[in-house]
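Q: Following this message is one structure expressed as C-alpha cells.
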Amino acid sequence: MTYEIIVQLKAEVLDPEGRAIQETLARLGFSALKAVSVAKRYTLDLDEPAAAAEGLATRIASEYLANPVSETFQVRKL
Amino acid sequence: MNSLSVASSTPKFSPSGKLRIGLVQFPGSNCDQDCFDAMARHFAIKVAPVWHTDTALPPLDAVILPGGFSYGDYLRSGALAAHSPIMAAVKAFVGKGGAVIGICNGFQILTESHLLPGALLRNASRRFICEFVHLAAGAGESVYQKTLAAKVSQLPIAHGEGRFFIDGEGLKRLQGQGQVALRYATHTGQISPQANPNGAIDHIAGIVSANGRVFGLMPHPERATDLLLGGSVDGLAVFEAFLSSFT
C-alpha cells in the first residue's frame, strides 16, 4: 500500500525558496508568473491492511512529516 | 593580550555548591565543545555529555541542547532530534520543572519537541547568516529577561533557518505572558526591521517558557565568552542567567 504525502508551507507563511524561483523566472520573461510555492513529496510504502493504511499514513504525516505550526499536508493513495 | 583574557574570565556569577549540568550530543551537533569549554573556563563547571540514544538522564540540575545540524537537518531542522530517545527523558525533566537552554539548533529542537511554541523557518533573505547581531531583552519576569535587560547584548548568529514564526494567537500569548526574551535590535537597543537579520516575526531571537525555566535562542552565547574569540563577552550574561534559573 503506497501513499503520497505532500507537505507545504501554509499560504500565509513566507516561502523564500518559492519567491526566489518566481523572481528568477520573472526576470527571464515569464511575467505572467505571480507566485511559486515549493512542496516536499514523500512516498510511504506501508505493510498494513487497506482499511488501516490511510489512517496510518495520515498519522505519520500529521505527527512527524508536517509541522502544524507552519505547514499543511495532503495524503493520497497511489 | 593579558588584559583581554582577564576581562573575559571574571564572570559575576559564582555558583554555590556543585552544579550538575548535562549536554545532549546529537549526530551533527557541532557547538558542544564550545559549551563544554565556556562552562569549564568561566564557571568551573564540568558539563556531562549525554548521548542522543540514551533513554535516561543522569541526575542533573539543568540541560544544554547545543547548536549544530542534528541528523543533518533532515526533515526539518531539529525535527528528527526531537524524536530521538533522549528527548523523552528531557521532556520528562522539563515536566518536573527542569531547566533547559537550547542554543540555535537546540532552540529548533525545543520547538519541534513542543517544549517551546513556534517554529524556526528558512531565513527570509534565503542566505545562511553568520554575523554579530545586537539584542534587546523583552519584558518579562524570567531571570533571562531580568539579567539581559541590563544592556544591549552583542552575540553572533550562524543559521540558515532562524526565522521565528508563530501564528497571531500564539504571538499574542507570548507577548501577553512576557515570554519574548530577546529581540534583534540596533546597537542602541531600538527594534527595527533593518536590525532583523532573518525576518523573524516580532523580531524575536529568543523565547522563554511560561515558568521561565526553558530558554531557546538563535544567537550563540558560547561563541561570545572570550574577547580572543572576536569582540564580545556578552554570552557570559546568558550563561549566568541560565545558572541562576535553577539555583
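Ordering of the C-alpha cells sets the chain letters (A, B, ...); residue numbers start at 1 within each chain; ligands are numbered from 1 in the order shown.
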What's the 10 Å shell around Ala20 in chain A, counting only C-alpha atoms, without same-chain residues fewer than 6 positions away, as an MDAnalysis selection string?

A: (chainID A and resid 26 35:37) or (chainID B and resid 125:126)

Q: Using only C-alpha atoms, I'd like a table of the residues in chain B that come within 9 Å of chain A; for each, show the closest atom pair and its distance in Å rounded to one decimal, ordered by chain and ascending number, as CSV.

A:
```
residue,atom,partner,partner_atom,distance
B:Leu75,CA,A:Leu65,CA,6.9
B:Arg76,CA,A:Leu65,CA,8.6
B:Ala79,CA,A:Tyr64,CA,7.8
B:Leu80,CA,A:Tyr64,CA,8.6
B:His83,CA,A:Tyr64,CA,8.9
B:Glu112,CA,A:Asn67,CA,7.9
B:Pro117,CA,A:Val69,CA,8.5
B:Gly118,CA,A:Val69,CA,6.3
B:Ala119,CA,A:Val69,CA,6.5
B:Leu121,CA,A:Ser70,CA,8.3
B:Arg122,CA,A:Pro16,CA,7.1
B:Asn123,CA,A:Pro16,CA,7.5
B:Ala124,CA,A:Pro16,CA,5.7
B:Ser125,CA,A:Pro16,CA,7.2
B:Arg126,CA,A:Pro16,CA,6.0
B:Phe165,CA,A:Ser70,CA,7.6
B:Ile166,CA,A:Val69,CA,6.7
B:Asp167,CA,A:Val69,CA,7.4
```

Q: Go ahead and save the residues from that selection, with N, CA and C atoms, as a CSV table (one decimal), in the first residue's frame.

A:
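After the write, again20.csv holds the following:
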```csv
chain,number,residue,atom,x,y,z
B,75,LEU,N,14.4,16.3,7.3
B,75,LEU,CA,13.0,16.5,7.6
B,75,LEU,C,12.8,18.0,7.8
B,76,ARG,N,13.2,18.5,8.9
B,76,ARG,CA,13.2,19.9,9.3
B,76,ARG,C,14.3,20.1,10.3
B,79,ALA,N,13.9,18.4,13.8
B,79,ALA,CA,12.7,17.5,13.8
B,79,ALA,C,13.0,16.1,14.2
B,80,LEU,N,14.1,15.6,13.7
B,80,LEU,CA,14.5,14.2,14.0
B,80,LEU,C,15.1,14.1,15.4
B,83,HIS,N,12.7,13.7,18.2
B,83,HIS,CA,12.1,12.3,18.4
B,83,HIS,C,13.2,11.3,18.7
B,112,GLU,N,10.5,21.9,18.0
B,112,GLU,CA,10.0,20.7,17.4
B,112,GLU,C,9.5,19.7,18.4
B,117,PRO,N,6.9,27.0,22.1
B,117,PRO,CA,6.0,27.2,20.9
B,117,PRO,C,6.7,27.8,19.7
B,118,GLY,N,6.0,27.7,18.6
B,118,GLY,CA,6.5,28.3,17.3
B,118,GLY,C,7.4,27.4,16.5
B,119,ALA,N,8.0,28.0,15.5
B,119,ALA,CA,8.9,27.2,14.6
B,119,ALA,C,10.0,28.1,14.1
B,121,LEU,N,12.0,28.9,10.7
B,121,LEU,CA,11.9,28.6,9.3
B,121,LEU,C,13.1,29.2,8.6
B,122,ARG,N,13.2,28.9,7.3
B,122,ARG,CA,14.3,29.4,6.4
B,122,ARG,C,14.3,30.9,6.5
B,123,ASN,N,15.5,31.5,6.6
B,123,ASN,CA,15.7,32.9,6.7
B,123,ASN,C,15.0,33.6,5.5
B,124,ALA,N,14.3,34.7,5.7
B,124,ALA,CA,13.6,35.4,4.6
B,124,ALA,C,14.6,35.8,3.5
B,125,SER,N,15.8,36.1,3.9
B,125,SER,CA,16.8,36.5,2.9
B,125,SER,C,17.3,35.3,2.0
B,126,ARG,N,17.0,34.1,2.5
B,126,ARG,CA,17.4,32.9,1.8
B,126,ARG,C,18.9,32.6,2.0
B,165,PHE,N,8.7,31.9,13.7
B,165,PHE,CA,7.3,32.0,13.3
B,165,PHE,C,6.4,31.4,14.3
B,166,ILE,N,5.3,32.1,14.5
B,166,ILE,CA,4.2,31.6,15.3
B,166,ILE,C,2.9,32.3,14.8
B,167,ASP,N,1.8,31.7,14.9
B,167,ASP,CA,0.6,32.4,14.4
B,167,ASP,C,0.2,33.5,15.3
```

Q: Mind checking DSSP for chain A and telling me the alpha helix (DSSP H) residues as a list of chain:residue names?

A: A:Pro16, A:Glu17, A:Gly18, A:Arg19, A:Ala20, A:Ile21, A:Gln22, A:Glu23, A:Thr24, A:Leu25, A:Ala26, A:Arg27, A:Ala50, A:Ala51, A:Ala52, A:Ala53, A:Glu54, A:Gly55, A:Leu56, A:Ala57, A:Thr58, A:Arg59, A:Ile60

Q: So which residues touch Lys34 in chain A within 12 Å, counting only C-alpha atoms, skipping near sequence neighbours fewer than 5 positions away, as a list in words?

A: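 Here the qualifying residues turn out to be Gly18, Arg19, Ala20, Ile21, Gln22, Glu23, Thr24, Leu25, Ala26, Arg27 and Gly29 of chain A.
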
Q: Please give the complete set of residues from range 160-208 of chain B that DSSP, run on the backbone, assigns to strand (DSSP E), formatted as a ChimeraX atom specification.

A: /B:163-165,180-185,204-208

Q: Those selected residues, please, written with C-alpha atoms and delivered as a compact mmCIF listing (two decimals), in the first residue's frame.

A:
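Result saved to result.txt:
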```
# COMPACT_ATOMS: atom_id res chain seq x y z
CA ARG B 163 13.21 32.92 11.19
CA PHE B 164 10.99 32.53 14.23
CA PHE B 165 7.35 32.04 13.26
CA VAL B 180 9.67 37.08 24.46
CA ALA B 181 13.17 37.00 25.90
CA LEU B 182 15.30 38.54 23.14
CA ARG B 183 14.62 40.65 20.05
CA TYR B 184 17.01 41.68 17.30
CA ALA B 185 17.80 45.38 17.73
CA ILE B 204 12.10 37.50 18.04
CA ALA B 205 15.54 35.94 18.65
CA GLY B 206 14.73 34.01 21.81
CA ILE B 207 11.78 32.95 23.93
CA VAL B 208 11.33 31.50 27.38
```
